[in-house]
Amino acid sequence: MSPITLEFLPAREGDAIWIDAGPTRIQIDGGRIATCRDLRTRIEAMIEEGKALDLLVVTHVDRDHIEGVLEMLKAGKCPEIRDVWFNGYVHLLDEAIESYSPQQGEALSRLIRTRQLPWNHAFGGKRIAVVDGDPLPSRTVGEITLTLLSPTPGKLEDLRGPWKKACEDAGLIPGVPATAEPLPPEIESFGPIDIEELADKPFEADHAEPNGSSIAFLLEHDGKRVLLSGDAHPEILIASIDRILEESGEDKLAIDLFKLPHHGSRKNVSKDLLEKLDCPRYVFSTNGSYFDHPDPVAVARVLKFGGADKTLYFNYHSPESLIWDKPDWKTRYNYSTVYPAADENGFLIIEVR
């Protein structure tokens, strides 16, 4: 029985996840521009070995997910890429008309066409979405089964206006990274941390349109399950999980690892979502820049509502991650922590067996 190996690369506040399961290789997002160095190392090794990348997933157009992919596709040779999952502007529309798009989304669309890569091939070239009333889309990639959980057509259509405005404001400049000002932190200034108080704070959902458009799926291989949520909105994940549970007759969805949505934002990690799952491993992918993620409220919710005997994985040593490495909290909430080696900040490898 081969494991699912997930390698979290240094993506700063973003995601860049390299997955091996048997002979199947999947890349999810590419982090920031600097992440491309680590992606290129893996891509060049594949070229030398004559191996293909079975799937490249760009979950959505936020720069901390897309920048590294743009650099990877622009620079040097690439191996055979058998499919690219990415919802471009054309997929936000009911009719198949390419028009405006934000800077980096348009750049990626052009690179996909220039390199003549298969684009949403597994979905007939159409949008990747979960349609209410239809079965959850399930696709086989090599030895892996992927069941789509997000986005919905409505969440994609919500992005049309902001995408067009971003294009009009910034201009269509393929491959040049966006220069948006840092966004304000989502968290307030905390004094001494009270986990119970934080976990019980009222939930306020994420309404950001790009996050709502995020591709999320359940990955299954050799009886193991991994939930990879991008920056998806929690209510969409819950609705899809409910559909799986209704079909299976189970009370909770048993999974082996959960990559938490939006890097551990309090607006994407809810009590309701956590209580739908039976999960022993939770991953926070972020260095804490821009948003100070993971948010203490989100981590507190995982500790209180994420089940017993759990492990929290952090791919960076940061003030936001290191505060949870406290023996008394670990004993009280029955959890352990895993961090990267001191000289490998940003790198984290997890094997799911």
# chains A, B, ... in the order shown; residues from 1 in each chain; ligands from 1
>>> residues_around(residues="Leu92 in chain A", least_positions_apart="2", cutoff="9 Å", atoms="only C-alpha atoms", output="PyMOL selection string")
chain A and resi 87-90+94-96+127+153-160
>>> select_by_dssp(residues="range 55-286 of chain A", states="strand (DSSP E or B)", output="JSON, numbers by chain")
{"A": [55, 56, 57, 81, 84, 85, 119, 138, 139, 140, 141, 144, 145, 146, 147, 148, 149, 150, 216, 217, 218, 219, 220, 221, 224, 225, 226, 227, 228, 253, 254, 257, 258, 259, 277, 278, 281, 282, 283, 284]}
>>> closest_residue(among="A:Ala107, A:Ile33, A:Ile144, A:Ala216", to="Glu71 in chain A", atoms="only C-alpha atoms")
A:Ile33
>>> residues_around(residues="Gly22 in chain A", least_positions_apart="6", cutoff="9 Å", atoms="only C-alpha atoms", output="compact mmCIF listing (two decimals) with N, CA and C atoms, in the first residue's frame")
# COMPACT_ATOMS: atom_id res chain seq x y z
N MET A 1 0.86 -1.21 0.00
CA MET A 1 0.00 0.00 0.00
C MET A 1 0.88 1.24 0.00
N SER A 2 0.77 2.04 -1.05
CA SER A 2 1.62 3.22 -1.15
C SER A 2 0.99 4.40 -0.41
N PRO A 3 1.82 5.23 0.23
CA PRO A 3 1.29 6.37 0.98
C PRO A 3 0.94 7.53 0.06
N ILE A 4 0.20 8.47 0.60
CA ILE A 4 0.04 9.78 -0.03
C ILE A 4 1.09 10.68 0.61
N GLY A 142 -4.62 9.24 -12.55
CA GLY A 142 -3.68 8.18 -12.22
C GLY A 142 -4.31 7.21 -11.23
N GLU A 143 -3.69 7.07 -10.05
CA GLU A 143 -4.20 6.18 -9.01
C GLU A 143 -5.00 6.92 -7.95
N ILE A 144 -5.32 8.19 -8.21
CA ILE A 144 -6.00 9.04 -7.23
C ILE A 144 -7.42 9.34 -7.71
N HIS A 221 -6.87 7.75 -2.02
CA HIS A 221 -5.88 6.84 -2.59
C HIS A 221 -5.62 5.72 -1.59
>>> residues_around(residues="Leu70 in chain A", least_positions_apart="6", cutoff="9 Å", atoms="only C-alpha atoms", output="list in words")
Gly30, Ile33, Cys36, Gln104, Ala107, Leu108, Leu111 and Gly175 of chain A
>>> closest_atom_pairs(of="range 251-327 of chain A", to="range 198-210 of chain A", cutoff="8 Å", atoms="only C-alpha atoms", output="JSON lines")
{"residue": "A:Arg266", "atom": "CA", "partner": "A:Phe203", "partner_atom": "CA", "distance": 7.6}
{"residue": "A:Lys267", "atom": "CA", "partner": "A:Ala205", "partner_atom": "CA", "distance": 4.6}
{"residue": "A:Asn268", "atom": "CA", "partner": "A:Asp206", "partner_atom": "CA", "distance": 6.0}
{"residue": "A:Ser270", "atom": "CA", "partner": "A:Phe203", "partner_atom": "CA", "distance": 6.6}
{"residue": "A:Pro296", "atom": "CA", "partner": "A:Leu198", "partner_atom": "CA", "distance": 7.2}
{"residue": "A:Val297", "atom": "CA", "partner": "A:Leu198", "partner_atom": "CA", "distance": 5.0}
{"residue": "A:Ala298", "atom": "CA", "partner": "A:Ala199", "partner_atom": "CA", "distance": 7.3}
{"residue": "A:Val299", "atom": "CA", "partner": "A:Ala199", "partner_atom": "CA", "distance": 8.0}
{"residue": "A:Ala300", "atom": "CA", "partner": "A:Ala199", "partner_atom": "CA", "distance": 4.8}
{"residue": "A:Arg301", "atom": "CA", "partner": "A:Ala199", "partner_atom": "CA", "distance": 4.4}
{"residue": "A:Lys304", "atom": "CA", "partner": "A:Ala199", "partner_atom": "CA", "distance": 6.7}
>>> write_last_selection(atoms="N, CA and C atoms", output="PDB file, in the first residue's frame")
ATOM      1  N   ARG A 266     -10.063  32.839  10.586  1.00  0.00           N
ATOM      2  CA  ARG A 266     -11.251  32.647  11.429  1.00  0.00           C
ATOM      3  C   ARG A 266     -12.541  32.683  10.612  1.00  0.00           C
ATOM      4  N   LYS A 267     -12.488  33.299   9.413  1.00  0.00           N
ATOM      5  CA  LYS A 267     -13.676  33.411   8.577  1.00  0.00           C
ATOM      6  C   LYS A 267     -13.895  32.181   7.700  1.00  0.00           C
ATOM      7  N   ASN A 268     -12.936  31.246   7.711  1.00  0.00           N
ATOM      8  CA  ASN A 268     -13.045  30.045   6.879  1.00  0.00           C
ATOM      9  C   ASN A 268     -13.018  28.745   7.681  1.00  0.00           C
ATOM     10  N   SER A 270     -14.793  27.099  10.708  1.00  0.00           N
ATOM     11  CA  SER A 270     -15.937  27.250  11.611  1.00  0.00           C
ATOM     12  C   SER A 270     -16.146  25.981  12.444  1.00  0.00           C
ATOM     13  N   PRO A 296      -5.624  33.064  15.721  1.00  0.00           N
ATOM     14  CA  PRO A 296      -5.817  32.341  16.989  1.00  0.00           C
ATOM     15  C   PRO A 296      -7.223  31.792  17.178  1.00  0.00           C
ATOM     16  N   VAL A 297      -8.220  32.503  16.656  1.00  0.00           N
ATOM     17  CA  VAL A 297      -9.599  32.010  16.775  1.00  0.00           C
ATOM     18  C   VAL A 297      -9.753  30.697  16.015  1.00  0.00           C
ATOM     19  N   ALA A 298      -9.190  30.624  14.810  1.00  0.00           N
ATOM     20  CA  ALA A 298      -9.295  29.396  14.009  1.00  0.00           C
ATOM     21  C   ALA A 298      -8.587  28.237  14.691  1.00  0.00           C
ATOM     22  N   VAL A 299      -7.393  28.478  15.205  1.00  0.00           N
ATOM     23  CA  VAL A 299      -6.655  27.404  15.877  1.00  0.00           C
ATOM     24  C   VAL A 299      -7.411  26.949  17.121  1.00  0.00           C
ATOM     25  N   ALA A 300      -7.935  27.903  17.875  1.00  0.00           N
ATOM     26  CA  ALA A 300      -8.702  27.550  19.074  1.00  0.00           C
ATOM     27  C   ALA A 300      -9.910  26.696  18.716  1.00  0.00           C
ATOM     28  N   ARG A 301     -10.560  26.990  17.593  1.00  0.00           N
ATOM     29  CA  ARG A 301     -11.706  26.179  17.161  1.00  0.00           C
ATOM     30  C   ARG A 301     -11.263  24.752  16.825  1.00  0.00           C
ATOM     31  N   LYS A 304     -10.714  22.906  20.126  1.00  0.00           N
ATOM     32  CA  LYS A 304     -11.918  22.587  20.884  1.00  0.00           C
ATOM     33  C   LYS A 304     -12.879  21.681  20.119  1.00  0.00           C
TER      34      LYS A 304
END
>>> closest_atom_pairs(of="range 18-60 of chain A", to="range 118-121 of chain A", cutoff="10 Å", atoms="only C-alpha atoms", output="tab-separated table")
residue	atom	partner	partner_atom	distance
A:Leu55	CA	A:Pro118	CA	9.8
A:Leu56	CA	A:Trp119	CA	9.7
A:Val57	CA	A:Asn120	CA	9.4
>>> write_last_selection(atoms="C-alpha atoms", output="PDB file, in the first residue's frame")
ATOM      1  CA  LEU A  55      -2.443  17.352 -12.864  1.00  0.00           C
ATOM      2  CA  LEU A  56      -1.752  21.005 -12.138  1.00  0.00           C
ATOM      3  CA  VAL A  57      -4.455  22.683 -10.059  1.00  0.00           C
TER       4      VAL A  57
END
>>> residues_around(residues="Pro79 in chain A", least_positions_apart="4", cutoff="9 Å", atoms="only C-alpha atoms", output="PyMOL selection string")
chain A and resi 43-44+46-47+50-53
>>> write_last_selection(atoms="C-alpha atoms", output="JSON list (two decimals), in the first residue's frame")
[["chain", "number", "residue", "atom", "x", "y", "z"],
["A", 43, "ILE", "CA", 10.00, 20.01, -12.53],
["A", 44, "GLU", "CA", 13.57, 19.61, -13.81],
["A", 46, "MET", "CA", 10.72, 15.09, -13.75],
["A", 47, "ILE", "CA", 12.05, 16.17, -17.14],
["A", 50, "GLY", "CA", 10.91, 11.54, -18.50],
["A", 51, "LYS", "CA", 7.90, 11.67, -16.19],
["A", 52, "ALA", "CA", 4.69, 13.64, -16.58],
["A", 53, "LEU", "CA", 2.83, 15.89, -14.15]]
>>> closest_residue(among="A:Pro280, A:Pro151, A:Pro340, A:Pro23", to="Gly306 in chain A", atoms="only C-alpha atoms")
A:Pro280
